[in-house]
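The next block holds one structure in the form of structure tokens; read it before the comments.
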Amino acid sequence: MAEPLTLLWLQSGGCGGCSLSLLNAEDPHLYDTLALSNIELLWHPSLSEAGAGDFIALLEAITGGRQRLDILCLEGSVMRGPGGSGRFHMLAGTGRPMMEWIRELAGLARYTVAIGSCAAFGGITAAGVNPGEAVGLQFDGARRGGLLAEDWRSPGGMTVINVAGCPVHPGWVTDTLGQLALGELDDQELDEFNRPRSYTDHLVHHGCPRNEYYEYKASAEKAGDQGCMMENLGCLGTQARADCNIRSWNGGGSCIKGGYACVNCTAPEFDTPAHAFLETPKVAGIPVGLPCDMPKAWFVALASLAKAATPERLRRNAVSEHSEVPPSSGGKGT
Amino acid sequence: MSRRIYGPFNRVEGDLEVQVEIDQGIITSAWVNSPLYRGFEQILHGRDPRDALVYTPRICGICSVSQSMAAARALAAAMGLEAPENGRLASNLVLACENLADHLTHFYLFFMPDFAHRSYAGRPWHAAISARFRAQEGKAAGEVLPARAAFMHLTGILAGKWPHTLSIQPGGSSRPVEPREKIRLLQIAGRFRHFLERTLFGGDALEDVAAIDTLQALETWAENHAGSDFGRFLLVARDLNLHRIGRACDHFLSYGAYQEGERHHFAPGIWMAGKRHPLEPGAIREDVTHSWMQARNGPSHPLEGITLPVADKPGAYSWCKAPRLDGHPMETGALARQLIDGHPLIRGLVAESGGNVRNRVVARVLELALLVPVMENWIRTLRPREPFCVHASLPDEAESAGLVEAARGALGHWMRIRNGRILNYQIVAPTTWNFSPRDADGVPGPLEQALRGLAVGNNGHDAIAIQHVVRSFDPCMVCTVH
């Protein structure tokens, strides 16, 4: 067997939720998944034995060229504040801003992977007034160039690989690492925001269990209703790039299956909508955001036609927590 | 006399640095620094109040549901909403799932691996403990990770995903349960019960573990269950006298956990001078004398509080504020929760040796035994065809609070709404209490007190004891400063 790929996982301006989500990996569990991909975890803040001095010694071994680093994963955004000093996150025990550690290590690792929307784009930590001057590794929101320049390439010849999501699905991470280990992740496998196409070639809308309500524009009006959440409750599933309703979360869930809107957490700048998250902005009664690749005139025409054709069953069930009207017997429907 | 800096501490959630002064091998003083600041309070300012449901869970990936719950409570109080019983049960279940998964993660992945450390190589139990608990390599992880992930399926059903759900709403839950799903939920809880009984408790029923009521009974249980993971811990704890290290201020705080109608399943209150007293949230103040935070005239109640960073401030050494109740630092967590609720074992342990490393771990493991049967009851009580959520509009002006118990203790959100927008939102998290810096009177926070007097060897190399004390609080640094 070939030498294992070494992986170093660091956390900065984030919540740790992507790591916790990763622990939800199943069949096989996380440690087996990494072993089967021939990846050796050099260090992870939540999982490794080495603390303090041993960890700093490891960092110095990498920067001193005594330890090979194949994959650097960063979870959380890069904290540049206050005033560009990076002091909002000093790496404990080193007296040095995390921002500088990240820059140095990214220059040494064959591949650098941003885990979650914070590391990729700035994410929630960069929301609103962005008090921490948080930024992604190679993006600042939707704009190219973050801590690392727009044209930056890792020693392995790749841009930063942006496994975006808030949090990430464990499979998005393990699939991406697996592709890297196989040597099958190249530019073609990344989308326009350098996210792995393995999950962003899908829309959250694909496999949505509320599909029938969507077809007939039978809309939910309040949390817990069964109808489509696009018209009133802020759901962005028809625009969001991810496979959440194809690949299940925690044994069968997804945001929409949990009864709440998709907030498009894999996208840059999802963190600061111009309206309330769980409310659809409208102009003249028509939702502002349209389904991906759908011409507006057609959407409006089809929507009004669909609304006119909505069966009573869907009209009633859409605004109820429970199915009040079951489907009628085949062929004998009203 | 020498000074040493320890950090980063791994196997805690987030980044932590501790500075200690050592005299003849004993820590004489400690300073705890939370080295990461993000600014959630500033991010929330001016947003639609309901957006707190999206932002605040993302303060922390391990206390995500607790943050959701505190935000939903604060919104519910502002809207005058009371969730229907189904909504309350569903939210309690999701919160209990997170809290118990956290206890499990803490025990197996964060705390126990320290006993595999090379400095214990001479102890008779070292080889067996290393085989079982060594980080990444120990046998236990291969059993715990799948059991934890399978237990999380409960949250997959009731909340869509973990972490960062939006199912917990001010008026209940956005996820009604279908009749067949009740069966599935019972299976998930039952499977987790079997895992705990088999692996953690050596074949004993959860109810039998929960009924252990004295230190003597606990010692006997440990001897009879030496091959269980809890038994292994208790025997190591006895050998290393873990009940003699890490004692803090012995003032305890719990906001009360899991609402059941008008009451909480675990009662709220405070514990001082060996007695329980009622909780007065109005007596909470945050002191920023030693925080890199802008000061006002003296400490503020969170409703009046501000969170504005000042990187260069004389005397400051942490981004963390120093919350005090009636001027006192307070310890919070599972030990406080069970002490205040009155569990006889925990009352006995604290009477004997106060808050310390062993007692904190015992309280956490005890909660695993106590709560799974309660969850099974909650699931049975769900009424699938009845409402899960009620609704109301948000007032333009309001002041409210949401107080909950995260795995690691008391979590509070305080919110002021003006013109339908968030004017001020302040969060005081469990580890903000436990790992607070000194206050204006120079009184150290609970961890700072817990480290004082700890023997660490002449040059501080024997620092593994520091690791035990720090991790015994199950710190969450990303909540501490947010």
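For the structure tokens, the naming scheme is as follows: chains receive sequential letters (A, B, ...) according to their order of presentation, residues are indexed from 1 within each chain, and ligands are indexed from 1 in presentation order.
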Task: chain B residues near chain A (6 Å cut-off, only C-alpha atoms) as a ChimeraX atom specification - done: /B:6-11,17,35-39,43,48,59-61,135,149,153,156-157,159-161,174-175,478
Spatial neighbours of stretch 365-370 of chain B, max dist 7 Å, only C-alpha atoms, sep filter under 2 positions, as a tab-separated table (two decimals) with C-alpha atoms, in the first residue's frame:
```tsv
chain	number	residue	atom	x	y	z
B	100	LEU	CA	-26.46	13.16	26.17
B	206	LEU	CA	-30.01	2.37	33.58
B	207	GLU	CA	-32.54	2.53	36.41
B	209	VAL	CA	-27.31	2.98	37.96
B	210	ALA	CA	-29.58	5.99	38.50
B	361	VAL	CA	-17.57	13.26	35.64
B	362	VAL	CA	-19.85	11.11	37.82
B	363	ALA	CA	-22.68	13.65	37.47
B	372	VAL	CA	-32.71	8.00	28.57
B	373	PRO	CA	-35.68	6.47	30.48
```
Open item on the list: Using DSSP secondary structure from the backbone, list all helix (DSSP H, G or I) positions within stretch 169-365 of chain B, as a PyMOL selection string.
Closed with: chain B and resi 179-200+206-210+215-224+229-239+242-244+281-283+302-304+334-341+344-353+357-365
Next, the residues of the selection above should be written as an mmCIF file, in the first residue's frame with C-alpha atoms.
```cif
data_model
loop_
_atom_site.group_PDB
_atom_site.id
_atom_site.type_symbol
_atom_site.label_atom_id
_atom_site.label_comp_id
_atom_site.auth_asym_id
_atom_site.auth_seq_id
_atom_site.Cartn_x
_atom_site.Cartn_y
_atom_site.Cartn_z
ATOM 1 C CA PRO B 179 -47.721 7.772 14.188
ATOM 2 C CA ARG B 180 -45.204 5.341 12.688
ATOM 3 C CA GLU B 181 -42.315 7.627 13.609
ATOM 4 C CA LYS B 182 -43.115 7.230 17.284
ATOM 5 C CA ILE B 183 -42.159 3.584 16.928
ATOM 6 C CA ARG B 184 -38.911 4.492 15.221
ATOM 7 C CA LEU B 185 -38.070 7.027 17.949
ATOM 8 C CA LEU B 186 -38.634 4.389 20.630
ATOM 9 C CA GLN B 187 -36.342 2.010 18.770
ATOM 10 C CA ILE B 188 -33.595 4.637 18.572
ATOM 11 C CA ALA B 189 -33.805 5.420 22.288
ATOM 12 C CA GLY B 190 -33.969 1.713 23.113
ATOM 13 C CA ARG B 191 -30.922 0.947 21.047
ATOM 14 C CA PHE B 192 -28.981 3.693 22.815
ATOM 15 C CA ARG B 193 -30.162 2.347 26.184
ATOM 16 C CA HIS B 194 -28.780 -1.073 25.283
ATOM 17 C CA PHE B 195 -25.464 0.395 24.234
ATOM 18 C CA LEU B 196 -25.113 2.306 27.503
ATOM 19 C CA GLU B 197 -26.157 -0.646 29.636
ATOM 20 C CA ARG B 198 -23.795 -3.009 27.861
ATOM 21 C CA THR B 199 -20.740 -0.796 27.398
ATOM 22 C CA LEU B 200 -20.759 1.968 29.965
ATOM 23 C CA LEU B 206 -30.013 2.373 33.582
ATOM 24 C CA GLU B 207 -32.541 2.526 36.405
ATOM 25 C CA ASP B 208 -30.177 0.609 38.706
ATOM 26 C CA VAL B 209 -27.307 2.981 37.964
ATOM 27 C CA ALA B 210 -29.575 5.987 38.502
ATOM 28 C CA LEU B 215 -20.472 7.157 47.790
ATOM 29 C CA GLN B 216 -20.293 3.762 49.495
ATOM 30 C CA ALA B 217 -22.794 2.308 47.011
ATOM 31 C CA LEU B 218 -20.836 3.834 44.142
ATOM 32 C CA GLU B 219 -17.584 2.270 45.393
ATOM 33 C CA THR B 220 -19.253 -1.116 45.698
ATOM 34 C CA TRP B 221 -20.786 -0.739 42.228
ATOM 35 C CA ALA B 222 -17.353 0.073 40.784
ATOM 36 C CA GLU B 223 -15.825 -3.068 42.273
ATOM 37 C CA ASN B 224 -18.664 -5.205 40.952
ATOM 38 C CA ASP B 229 -16.248 1.772 31.178
ATOM 39 C CA PHE B 230 -17.791 3.712 34.072
ATOM 40 C CA GLY B 231 -16.257 1.187 36.468
ATOM 41 C CA ARG B 232 -12.857 1.634 34.806
ATOM 42 C CA PHE B 233 -13.111 5.373 35.322
ATOM 43 C CA LEU B 234 -14.116 5.029 38.978
ATOM 44 C CA LEU B 235 -11.180 2.741 39.747
ATOM 45 C CA VAL B 236 -8.733 5.113 38.047
ATOM 46 C CA ALA B 237 -10.352 8.037 39.881
ATOM 47 C CA ARG B 238 -9.811 6.275 43.201
ATOM 48 C CA ASP B 239 -6.198 5.418 42.410
ATOM 49 C CA LEU B 242 -9.447 12.654 41.406
ATOM 50 C CA HIS B 243 -11.857 13.786 44.119
ATOM 51 C CA ARG B 244 -9.011 15.764 45.682
ATOM 52 C CA PRO B 281 -31.683 35.925 37.261
ATOM 53 C CA GLY B 282 -31.992 39.640 38.059
ATOM 54 C CA ALA B 283 -28.885 39.303 40.253
ATOM 55 C CA PRO B 302 -27.076 41.223 30.403
ATOM 56 C CA LEU B 303 -30.192 43.157 29.310
ATOM 57 C CA GLU B 304 -28.150 46.352 29.730
ATOM 58 C CA ALA B 334 -24.198 18.511 35.222
ATOM 59 C CA LEU B 335 -22.850 18.462 38.780
ATOM 60 C CA ALA B 336 -24.646 21.723 39.623
ATOM 61 C CA ARG B 337 -27.812 20.501 37.880
ATOM 62 C CA GLN B 338 -28.014 17.229 39.810
ATOM 63 C CA LEU B 339 -26.917 18.794 43.093
ATOM 64 C CA ILE B 340 -29.604 21.460 42.878
ATOM 65 C CA ASP B 341 -32.246 19.001 41.718
ATOM 66 C CA PRO B 344 -28.887 11.782 46.628
ATOM 67 C CA LEU B 345 -25.587 10.477 45.211
ATOM 68 C CA ILE B 346 -24.534 13.926 44.012
ATOM 69 C CA ARG B 347 -25.681 15.601 47.227
ATOM 70 C CA GLY B 348 -23.561 13.054 49.112
ATOM 71 C CA LEU B 349 -20.487 13.451 46.905
ATOM 72 C CA VAL B 350 -20.529 17.235 47.116
ATOM 73 C CA ALA B 351 -21.059 17.153 50.905
ATOM 74 C CA GLU B 352 -18.006 14.911 51.158
ATOM 75 C CA SER B 353 -15.600 16.582 48.726
ATOM 76 C CA VAL B 357 -12.795 16.301 38.873
ATOM 77 C CA ARG B 358 -14.347 12.972 39.900
ATOM 78 C CA ASN B 359 -17.680 14.404 40.974
ATOM 79 C CA ARG B 360 -18.135 16.370 37.737
ATOM 80 C CA VAL B 361 -17.574 13.256 35.644
ATOM 81 C CA VAL B 362 -19.846 11.114 37.825
ATOM 82 C CA ALA B 363 -22.682 13.648 37.469
ATOM 83 C CA ARG B 364 -22.378 13.576 33.686
ATOM 84 C CA VAL B 365 -22.420 9.797 33.480
#
```
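From atom CA of A:Ala142 back to atom CA of A:Leu72, the distance works out to 22.3 Å.
Nearest to A:Gly116 of all the residues A:Ile161, A:Ala149, A:Cys244, A:Ala218 is A:Ile161, based on only C-alpha atoms.
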TODO: In Å, rounded to a single decimal, give me how far atom CA of B:Asn419 is from atom CA of B:Asp396.
DONE: 4.8 Å
